[in-house]
Amino acid sequence: MSGTLVLNASYEPLSTVSPRRAVVLVLRRKAELEHAVPGAYFRGAALDLPVPQVIRLRRFVKVPFRQQAPWSRRGVLVRDRHRCAFCGRRASTVDHLVPRSRGGGDTWLNTVAACADDNRRKANRTPAEAGMRLLVEPFQPTPADALVLALGAQGSPASLPEWLVARTGMAGAA
Ligand SMILES: [Zn+2]
């Protein structure tokens, strides 16, 4: 199957997302399951979840699907799954690759999630100047990512079961 259809609260079709993203939206109570794929399940340790074919958002949202997702610090953390781009540990801060004091902007491609230690260590330098290597390249969220970000993926993926995080790739480029 290609994807799960997302309906607005008004039943207006909005977009499609991957079935795994759809499961996350349902688990986070952002959406309700309207139709499941017959006989298909995501198998989990504790429970099996039906694979959504159609979900409907619980609250009406205006989402700029065709536009770029607006940049935000929280959005960067969600995109990078709260993992430090330099060491992979839990990240709570956002690092500007080209520091703002040197003209670097608040853009998706200039920012990565970073742990406080690495953010402090890098300081007012570029990664190259600091001799720090990026484990992941920052990317512009896709329209499907924008949906997840716009819905406010509150809390970290760490609050979800590990198997589900692995299967959903919450912030990955779908
Ligand atoms: Zn780090």
# chains A, B, ... in the order shown; residues from 1 in each chain; ligands from 1
$ residues_around --residues "region 92-107 of chain A" --least-positions-apart "6" --cutoff "7 Å" --atoms "only C-alpha atoms" --output "MDAnalysis selection string"
chainID A and resid 71 73 82 113:116 119 124:127
$ residues_near_ligand --ligand "ligand 1" --cutoff "8 Å" --atoms "only C-alpha atoms and all ligand atoms" --output "list of chain:residue names"
A:Arg83, A:Cys84, A:Ala85, A:Phe86, A:Cys87, A:Gly88, A:Arg89, A:Arg90, A:Ala91, A:Ala114, A:Cys115, A:Ala116, A:Asp117, A:Asp118, A:Asn119
$ write_last_selection --atoms "N, CA and C atoms" --output "PDB file, in the first residue's frame"
ATOM      1  N   ARG A  83      18.141  13.467  19.079  1.00  0.00           N
ATOM      2  CA  ARG A  83      19.474  12.855  19.166  1.00  0.00           C
ATOM      3  C   ARG A  83      20.508  13.864  18.712  1.00  0.00           C
ATOM      4  N   CYS A  84      21.571  13.926  19.465  1.00  0.00           N
ATOM      5  CA  CYS A  84      22.647  14.866  19.157  1.00  0.00           C
ATOM      6  C   CYS A  84      23.274  14.516  17.809  1.00  0.00           C
ATOM      7  N   ALA A  85      23.422  15.516  16.930  1.00  0.00           N
ATOM      8  CA  ALA A  85      23.981  15.279  15.601  1.00  0.00           C
ATOM      9  C   ALA A  85      25.472  14.974  15.660  1.00  0.00           C
ATOM     10  N   PHE A  86      26.103  15.255  16.809  1.00  0.00           N
ATOM     11  CA  PHE A  86      27.551  15.059  16.925  1.00  0.00           C
ATOM     12  C   PHE A  86      27.914  13.757  17.633  1.00  0.00           C
ATOM     13  N   CYS A  87      27.095  13.355  18.605  1.00  0.00           N
ATOM     14  CA  CYS A  87      27.469  12.162  19.377  1.00  0.00           C
ATOM     15  C   CYS A  87      26.335  11.138  19.484  1.00  0.00           C
ATOM     16  N   GLY A  88      25.126  11.494  19.090  1.00  0.00           N
ATOM     17  CA  GLY A  88      24.028  10.545  19.119  1.00  0.00           C
ATOM     18  C   GLY A  88      23.344  10.397  20.458  1.00  0.00           C
ATOM     19  N   ARG A  89      23.878  11.103  21.466  1.00  0.00           N
ATOM     20  CA  ARG A  89      23.201  11.035  22.770  1.00  0.00           C
ATOM     21  C   ARG A  89      21.973  11.921  22.754  1.00  0.00           C
ATOM     22  N   ARG A  90      21.235  11.906  23.862  1.00  0.00           N
ATOM     23  CA  ARG A  90      20.002  12.684  23.927  1.00  0.00           C
ATOM     24  C   ARG A  90      20.307  14.183  23.783  1.00  0.00           C
ATOM     25  N   ALA A  91      19.552  14.827  22.921  1.00  0.00           N
ATOM     26  CA  ALA A  91      19.771  16.246  22.643  1.00  0.00           C
ATOM     27  C   ALA A  91      18.640  17.075  23.228  1.00  0.00           C
ATOM     28  N   ALA A 114      21.422  19.031  19.280  1.00  0.00           N
ATOM     29  CA  ALA A 114      22.730  18.795  19.899  1.00  0.00           C
ATOM     30  C   ALA A 114      22.565  18.646  21.402  1.00  0.00           C
ATOM     31  N   CYS A 115      23.435  17.826  21.992  1.00  0.00           N
ATOM     32  CA  CYS A 115      23.444  17.752  23.455  1.00  0.00           C
ATOM     33  C   CYS A 115      24.122  19.022  23.973  1.00  0.00           C
ATOM     34  N   ALA A 116      23.850  19.342  25.228  1.00  0.00           N
ATOM     35  CA  ALA A 116      24.371  20.585  25.791  1.00  0.00           C
ATOM     36  C   ALA A 116      25.896  20.596  25.769  1.00  0.00           C
ATOM     37  N   ASP A 117      26.523  19.447  26.024  1.00  0.00           N
ATOM     38  CA  ASP A 117      27.984  19.384  26.055  1.00  0.00           C
ATOM     39  C   ASP A 117      28.587  19.746  24.699  1.00  0.00           C
ATOM     40  N   ASP A 118      28.045  19.122  23.639  1.00  0.00           N
ATOM     41  CA  ASP A 118      28.603  19.379  22.308  1.00  0.00           C
ATOM     42  C   ASP A 118      28.295  20.800  21.853  1.00  0.00           C
ATOM     43  N   ASN A 119      27.126  21.278  22.220  1.00  0.00           N
ATOM     44  CA  ASN A 119      26.769  22.642  21.846  1.00  0.00           C
ATOM     45  C   ASN A 119      27.774  23.616  22.471  1.00  0.00           C
TER      46      ASN A 119
END
$ closest_residue --among "A:Arg79, A:Arg56, A:Arg20, A:His35" --to "Leu109 (chain A)" --atoms "only C-alpha atoms"
A:Arg79
$ atom_distance --atom1 "CA of Val37 (chain A)" --atom2 "CA of Val51 (chain A)"
5.5 Å
$ atom_distance --atom1 "CA of Arg28 (chain A)" --atom2 "CA of Leu135 (chain A)"
28.6 Å
$ closest_residue --among "A:Gly75, A:Gly131, A:Pro141, A:Pro50" --to "Val26 (chain A)" --atoms "only C-alpha atoms"
A:Pro50
$ select_by_dssp --residues "region 29-69 of chain A" --states "strand (DSSP E)" --output "PyMOL selection string"
chain A and resi 31-42+49-57
$ write_last_selection --atoms "C-alpha atoms" --output "short mmCIF file (atom, residue, chain, number, x, y, z; two decimals), in the first residue's frame"
data_model
loop_
_atom_site.label_atom_id
_atom_site.label_comp_id
_atom_site.auth_asym_id
_atom_site.auth_seq_id
_atom_site.Cartn_x
_atom_site.Cartn_y
_atom_site.Cartn_z
CA ALA A 31 -6.10 11.19 15.13
CA GLU A 32 -8.66 8.45 15.20
CA LEU A 33 -8.55 5.29 13.18
CA GLU A 34 -11.28 5.34 10.55
CA HIS A 35 -10.38 2.28 8.51
CA ALA A 36 -7.74 -0.33 8.97
CA VAL A 37 -6.14 -2.55 6.37
CA PRO A 38 -7.93 -5.89 6.83
CA GLY A 39 -5.74 -8.48 8.48
CA ALA A 40 -2.62 -6.30 8.64
CA TYR A 41 -0.92 -5.48 11.92
CA PHE A 42 2.18 -3.86 13.27
CA LEU A 49 -1.80 -2.51 16.17
CA PRO A 50 -3.97 -2.48 13.08
CA VAL A 51 -2.36 -0.86 10.04
CA PRO A 52 -4.32 2.33 9.34
CA GLN A 53 -5.73 2.90 5.89
CA VAL A 54 -7.61 6.08 6.79
CA ILE A 55 -7.26 8.22 9.90
CA ARG A 56 -9.09 11.36 10.88
CA LEU A 57 -7.62 14.17 12.92
#
$ closest_residue --among "A:Val17, A:Ala9, A:Lys122, A:Asp80" --to "Phe139 (chain A)" --atoms "only C-alpha atoms"
A:Asp80
